[in-house]
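Worksheet for the structure shown next.
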Number of protein chains: 2
Amino acid sequence: MTSSADARYVALSGGVGGAKLALGLCDVLADPGRLIVVANTGDDFEHLGLKVCPDLDTLTYTLAGLANEETGWGRAGESGAFMEALGALGGETWFFLGDKDLAIHVERTRRLRTGESLSAITSDLCARLGVPARIVPMSDDPVPTIVETEDGPLAFQHYFVRERCRPRVLGFRHEGAAQARPCAAFIDALGAPGLGAVIVCPSNPYISIDPILAVPGVQGALAACRAPVIAVSPIVGGKAVKGPTAKMMAERGIAPSAAAIARHYAGLIDGFVLDEADRPQASAIAATGVAVEVAPTVMTSRADKQALARTVLAFAGRIGAAG
Amino acid sequence: MTSSADARYVALSGGVGGAKLALGLCDVLADPGRLIVVANTGDDFEHLGLKVCPDLDTLTYTLAGLANEETGWGRAGESGAFMEALGALGGETWFFLGDKDLAIHVERTRRLRTGESLSAITSDLCARLGVPARIVPMSDDPVPTIVETEDGPLAFQHYFVRERCRPRVLGFRHEGAAQARPCAAFIDALGAPGLGAVIVCPSNPYISIDPILAVPGVQGALAACRAPVIAVSPIVGGKAVKGPTAKMMAERGIAPSAAAIARHYAGLIDGFVLDEADRPQASAIAATGVAVEVAPTVMTSRADKQALARTVLAFAGRIGAAG
């Protein structure tokens with residue numbers, strides 16, 4: 001067990017919800033440079049000839065203080081001159097790329113074509129934007145999420161943005177996962193001494209966390225790591241705080257609940273944080289042998305994010321001390 | 001000889017100066033669809049991973065009524081959010097790409113990668129933007145202009161924009177010209193019946209017109225075409241109306257003058273239009289066997305552009321009738 005002042009932390013994250021907790025962690029850690037946020041890249045795609053990495057960028061903008069706080073994604077003070085002009089040229093406009101945001105896609109695409117890795121580019125761009133934590137893509141290899149729907153298989157962003165999550169979901173495929181290698185910084189962090197906790201952020205388990213877990217070597221490294229693995233429920237009161245998590249669970253025949261999320265992560269996690277609204281489910285989850293913490297998990301204000309981060313870190317400290 | 005109402009016209013053009021005359025021609029022709037503007041693509045380059053075609057775009061924006069009238073290039077009401085964000089990411093900002101303008105580079109690059117030709121893409125984009133004339137790149141094959149300078153060879157935009165035309169010019173190379181094929185629409189137009197004139201716009205002869213002439217087959221097709229070939233001087237009173245033409249001439253040991261421009265085009269042109277400021281040079285040019293017209297050639301207002309267009313068309317009509 002490691003005292004929290006010296007400890008390193010690994011957070012697994014999708015976009016908006018995960019970025020909120022990551023921001024809270026950055027705020028409350030004495031040295032946010034000891035936080036590695038592993039970003040889901042399953043929803044990355046090539047669009048307009050550009051490599052777009054939505055979760056990576058949401059994390060980057062959020063931790064750099066550049067995010068649009070209203071939407072949770074994209075940049076603050078964003079404009080749409082490019083998109084409007086593109087529409088007039090007959091280009092595809094279903095996926096909004098703001099004028100400022102476009103810079104990261106153009107620059108990343110250019111650098112990827114010179115042979116630089118996604119992780120090296122991410123690391124450099126984060127440094128330039130003043131991101132205090134380290135953001136690491138789960139893999140430098142593409143592992144695109146394919147959503148199997150009743151309308152047939154859909155590339156993730158086609159399902160998520162173009163079709164607005166309308167088609168009923170039958171399952172998910174993580175294409176290319178078998179050949180992918182996890183980023184070295186991610187696996188190294190899981191094995192390094194002084195790891196305080198692995199935090200599974202309140203992200204969609206199917207489309208944000210499972211893609212990370214699908215990369216060969218990740219589950220083994222998580223099982224082998226000595227630090228507690230703690231998940232925060234993205235389901236509060238039977239509903240997703242944001243996004244299609246509850247809809248996806250229902251379509252797969254699972255009643256959306258914090259307990260169902262805990263079951264989804266069974267075998268992976270040592271601790272589970274659920275919202276006060278779901279306190280009645282705490283004992284059933286605890287009965288499965290997982291430590292349980294009940295706390296306010298809906299992060300609206302900056303103080304909410306910091307409070308949840310403190311709760312998670314303290315919870316990890318207690319599990320670590322007991323383990 | 002063809003009456004001007006039914007005639008077709010071909011204009012060879014670089015960027016700003018050529019686009020002004022092309023706009024005037026569009027305004028005064030009964031059917032601007034009978035005008036083919038052949039754009040220099042020698043200053044095209046790949047920048048930030050995007051294919052940028054400055055002259056093609058200046059022509060497109062000018063004829064679509066979208067151009068920035070102050071600069072002559074770029075789009076009206078342009079913004080620079082992308083460029084500012086790119087700078088913060090450490091990207092190259094020496095070549096300004098406005099937020100609106102960026103759309104044409106992204107969309108064109110995307111379509112080129114699918115295997116579409118530059119001419120087909122240009123034709124479609126022009127139609128979408130309501131360009132009344134036909135704009136055709138000189139070639140679908142790249143023919144990048146290399147400027148031989150005392151600092152060594154420079155890619156055109158590095159010389160022109162990054163180095164601001166500072167290094168002394170020793171000469172020009174049209175890389176890949178030997179392998180390039182001219183656009184079929186261009187050569188077909190030169191050979192088609194009903195051609196009223198070929199107009200060499202008041203563009204830089206070295207970097208805007210010579211690249212077009214360097215494409216195999218173009219000079220032969222111009223020599224074979226029955227319509228008069230008429231050039232408008234880009235030099236007025238010993239100075240270039242815009243850009244480095246006079247500087248380049250001086251560096252190559254040629255006193256910048258309208259007469260020197262006429263000499264540059266000797267053997268190619270049947271008629272030459274020079275500015276009233278240069279009237280004293282008219283008789284010397286006429287003595288070389290070229291028909292000469294003296295007229296106001298500096299195009300500031302829309303009326304100036306239309307007046308010069310009318311002058312050129314009437315001049316062509318007279319040469320055609322005499323020929």
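We label chains A, B, ... in the order they appear in the structure tokens, count residues from 1 in each chain, and number ligands from 1 in the order shown.
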
Find the nearest atom pair between each residue of chain B and chain A for residues within 12 Å, count only C-alpha atoms, give distances in Å to one decimal, sort rows by chain and ascending number, and present the table as a Markdown table.
```
| residue | atom | partner | partner_atom | distance |
| --- | --- | --- | --- | --- |
| B:Glu46 | CA | A:Arg110 | CA | 10.6 |
| B:His47 | CA | A:Arg110 | CA | 9.0 |
| B:Leu48 | CA | A:Arg110 | CA | 5.9 |
| B:Gly49 | CA | A:Arg110 | CA | 5.2 |
| B:Leu50 | CA | A:Val106 | CA | 8.6 |
| B:Lys51 | CA | A:Gly49 | CA | 11.6 |
| B:Thr60 | CA | A:Leu89 | CA | 11.9 |
| B:Tyr61 | CA | A:Ala85 | CA | 11.9 |
| B:Ala64 | CA | A:Ala88 | CA | 12.0 |
| B:Leu66 | CA | A:Ala85 | CA | 10.9 |
| B:Arg75 | CA | A:Ala85 | CA | 10.4 |
| B:Ala76 | CA | A:Ala81 | CA | 11.9 |
| B:Gly77 | CA | A:Ala81 | CA | 9.9 |
| B:Glu78 | CA | A:Ala81 | CA | 8.3 |
| B:Ser79 | CA | A:Ala81 | CA | 7.7 |
| B:Gly80 | CA | A:Asp99 | CA | 8.3 |
| B:Ala81 | CA | A:Lys100 | CA | 5.3 |
| B:Phe82 | CA | A:Lys100 | CA | 4.6 |
| B:Met83 | CA | A:Ala103 | CA | 7.3 |
| B:Glu84 | CA | A:Lys100 | CA | 7.6 |
| B:Ala85 | CA | A:Lys100 | CA | 5.4 |
| B:Leu86 | CA | A:Ala103 | CA | 4.9 |
| B:Gly87 | CA | A:Ala103 | CA | 8.6 |
| B:Ala88 | CA | A:Arg128 | CA | 6.9 |
| B:Leu89 | CA | A:Leu125 | CA | 5.8 |
| B:Gly90 | CA | A:Arg128 | CA | 7.3 |
| B:Gly91 | CA | A:Glu107 | CA | 6.4 |
| B:Glu92 | CA | A:Glu107 | CA | 9.0 |
| B:Thr93 | CA | A:Ala103 | CA | 11.0 |
| B:Leu97 | CA | A:Phe82 | CA | 10.7 |
| B:Gly98 | CA | A:Phe82 | CA | 8.5 |
| B:Asp99 | CA | A:Phe82 | CA | 4.9 |
| B:Lys100 | CA | A:Phe82 | CA | 4.6 |
| B:Asp101 | CA | A:Phe82 | CA | 7.4 |
| B:Leu102 | CA | A:Phe82 | CA | 6.4 |
| B:Ala103 | CA | A:Leu86 | CA | 4.9 |
| B:Ile104 | CA | A:Leu86 | CA | 7.0 |
| B:His105 | CA | A:Leu86 | CA | 9.7 |
| B:Val106 | CA | A:Leu48 | CA | 6.8 |
| B:Glu107 | CA | A:Gly91 | CA | 6.4 |
| B:Arg108 | CA | A:Leu89 | CA | 9.5 |
| B:Thr109 | CA | A:Gly49 | CA | 7.5 |
| B:Arg110 | CA | A:Gly49 | CA | 5.2 |
| B:Arg111 | CA | A:Gly49 | CA | 8.8 |
| B:Leu112 | CA | A:Gly49 | CA | 10.2 |
| B:Arg113 | CA | A:Gly49 | CA | 8.2 |
| B:Thr114 | CA | A:Gly49 | CA | 9.8 |
| B:Ile121 | CA | A:Leu89 | CA | 10.3 |
| B:Thr122 | CA | A:Leu89 | CA | 10.5 |
| B:Ser123 | CA | A:Leu89 | CA | 11.4 |
| B:Asp124 | CA | A:Leu89 | CA | 8.5 |
| B:Leu125 | CA | A:Leu89 | CA | 5.9 |
| B:Cys126 | CA | A:Leu89 | CA | 8.7 |
| B:Ala127 | CA | A:Leu89 | CA | 9.2 |
| B:Arg128 | CA | A:Leu89 | CA | 6.0 |
| B:Leu129 | CA | A:Leu89 | CA | 7.0 |
| B:Gly130 | CA | A:Ala88 | CA | 10.4 |
```

Write out as a count of residues only all residues of region 93-219 of chain A that backbone DSSP assigns to strand (DSSP E).
-> 25

Within 9 Å of region 164-175 of chain B, counting only C-alpha atoms, which residues qualify if same-chain residues fewer than 6 places away don't, as a ChimeraX atom specification?
-> /B:42,142-153,157-158,206-207,210-211,214-215,243-244,247-249,251-252

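Shell of Ile199 (chain B) at 6 Å, with only C-alpha atoms counted and residues fewer than 6 places along the chain excluded, is Ala11, Val229, Ile230 and Ala231 of chain B.
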
Take the residues from that selection and put them in a file with N, CA and C atoms, as a PDB file, in the first residue's frame.
```
ATOM      1  N   ALA B  11      -9.108  31.563 -71.180  1.00  0.00           N
ATOM      2  CA  ALA B  11      -8.214  32.492 -70.472  1.00  0.00           C
ATOM      3  C   ALA B  11      -7.203  31.682 -69.677  1.00  0.00           C
ATOM      4  N   VAL B 229      -4.311  34.866 -80.007  1.00  0.00           N
ATOM      5  CA  VAL B 229      -3.833  34.741 -78.626  1.00  0.00           C
ATOM      6  C   VAL B 229      -3.397  36.132 -78.183  1.00  0.00           C
ATOM      7  N   ILE B 230      -4.018  36.620 -77.122  1.00  0.00           N
ATOM      8  CA  ILE B 230      -3.809  38.001 -76.673  1.00  0.00           C
ATOM      9  C   ILE B 230      -3.343  38.013 -75.229  1.00  0.00           C
ATOM     10  N   ALA B 231      -2.250  38.730 -74.985  1.00  0.00           N
ATOM     11  CA  ALA B 231      -1.774  38.850 -73.606  1.00  0.00           C
ATOM     12  C   ALA B 231      -2.020  40.265 -73.097  1.00  0.00           C
TER      13      ALA B 231
END
```

Using DSSP on the backbone coordinates, identify the residues of region 65-204 of chain A assigned to alpha helix (DSSP H); present them as a ChimeraX atom specification.
-> /A:81-88,101-113,118-129,156-157,184-191

For those residues, write C-alpha atoms to a file as a short mmCIF file (atom, residue, chain, number, x, y, z; two decimals), in the first residue's frame.
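The result, stored in part39.cif:
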```cif
data_model
loop_
_atom_site.label_atom_id
_atom_site.label_comp_id
_atom_site.auth_asym_id
_atom_site.auth_seq_id
_atom_site.Cartn_x
_atom_site.Cartn_y
_atom_site.Cartn_z
CA ALA A 81 -17.30 28.62 -40.18
CA PHE A 82 -15.49 25.58 -41.59
CA MET A 83 -18.52 23.34 -41.21
CA GLU A 84 -20.82 25.83 -42.90
CA ALA A 85 -18.41 26.28 -45.81
CA LEU A 86 -18.01 22.50 -46.06
CA GLY A 87 -21.76 22.08 -46.33
CA ALA A 88 -21.85 24.55 -49.23
CA ASP A 101 -11.15 21.74 -32.74
CA LEU A 102 -10.20 21.10 -36.35
CA ALA A 103 -6.62 22.07 -35.57
CA ILE A 104 -6.04 19.00 -33.42
CA HIS A 105 -7.42 16.66 -36.10
CA VAL A 106 -5.39 18.24 -38.91
CA GLU A 107 -2.18 18.37 -36.91
CA ARG A 108 -2.54 14.85 -35.49
CA THR A 109 -3.37 13.41 -38.92
CA ARG A 110 -0.36 15.12 -40.44
CA ARG A 111 1.95 13.80 -37.72
CA LEU A 112 0.51 10.28 -37.87
CA ARG A 113 1.29 10.25 -41.61
CA LEU A 118 -0.69 8.37 -31.53
CA SER A 119 0.67 8.20 -27.98
CA ALA A 120 3.75 10.31 -28.79
CA ILE A 121 1.62 12.92 -30.58
CA THR A 122 -0.91 12.95 -27.72
CA SER A 123 1.84 13.40 -25.19
CA ASP A 124 3.31 16.35 -27.08
CA LEU A 125 -0.02 18.07 -27.76
CA CYS A 126 -1.04 17.68 -24.10
CA ALA A 127 2.23 19.25 -23.00
CA ARG A 128 1.70 22.19 -25.37
CA LEU A 129 -1.83 22.73 -24.06
CA PHE A 156 -19.31 3.57 -33.86
CA GLN A 157 -19.74 7.21 -34.86
CA ALA A 184 3.58 0.72 -23.04
CA ALA A 185 3.05 3.62 -20.62
CA PHE A 186 -0.31 2.13 -19.65
CA ILE A 187 0.97 -1.38 -18.95
CA ASP A 188 4.13 -0.08 -17.29
CA ALA A 189 2.03 2.08 -14.95
CA LEU A 190 -0.06 -0.94 -13.90
CA GLY A 191 3.08 -2.86 -12.99
#
```
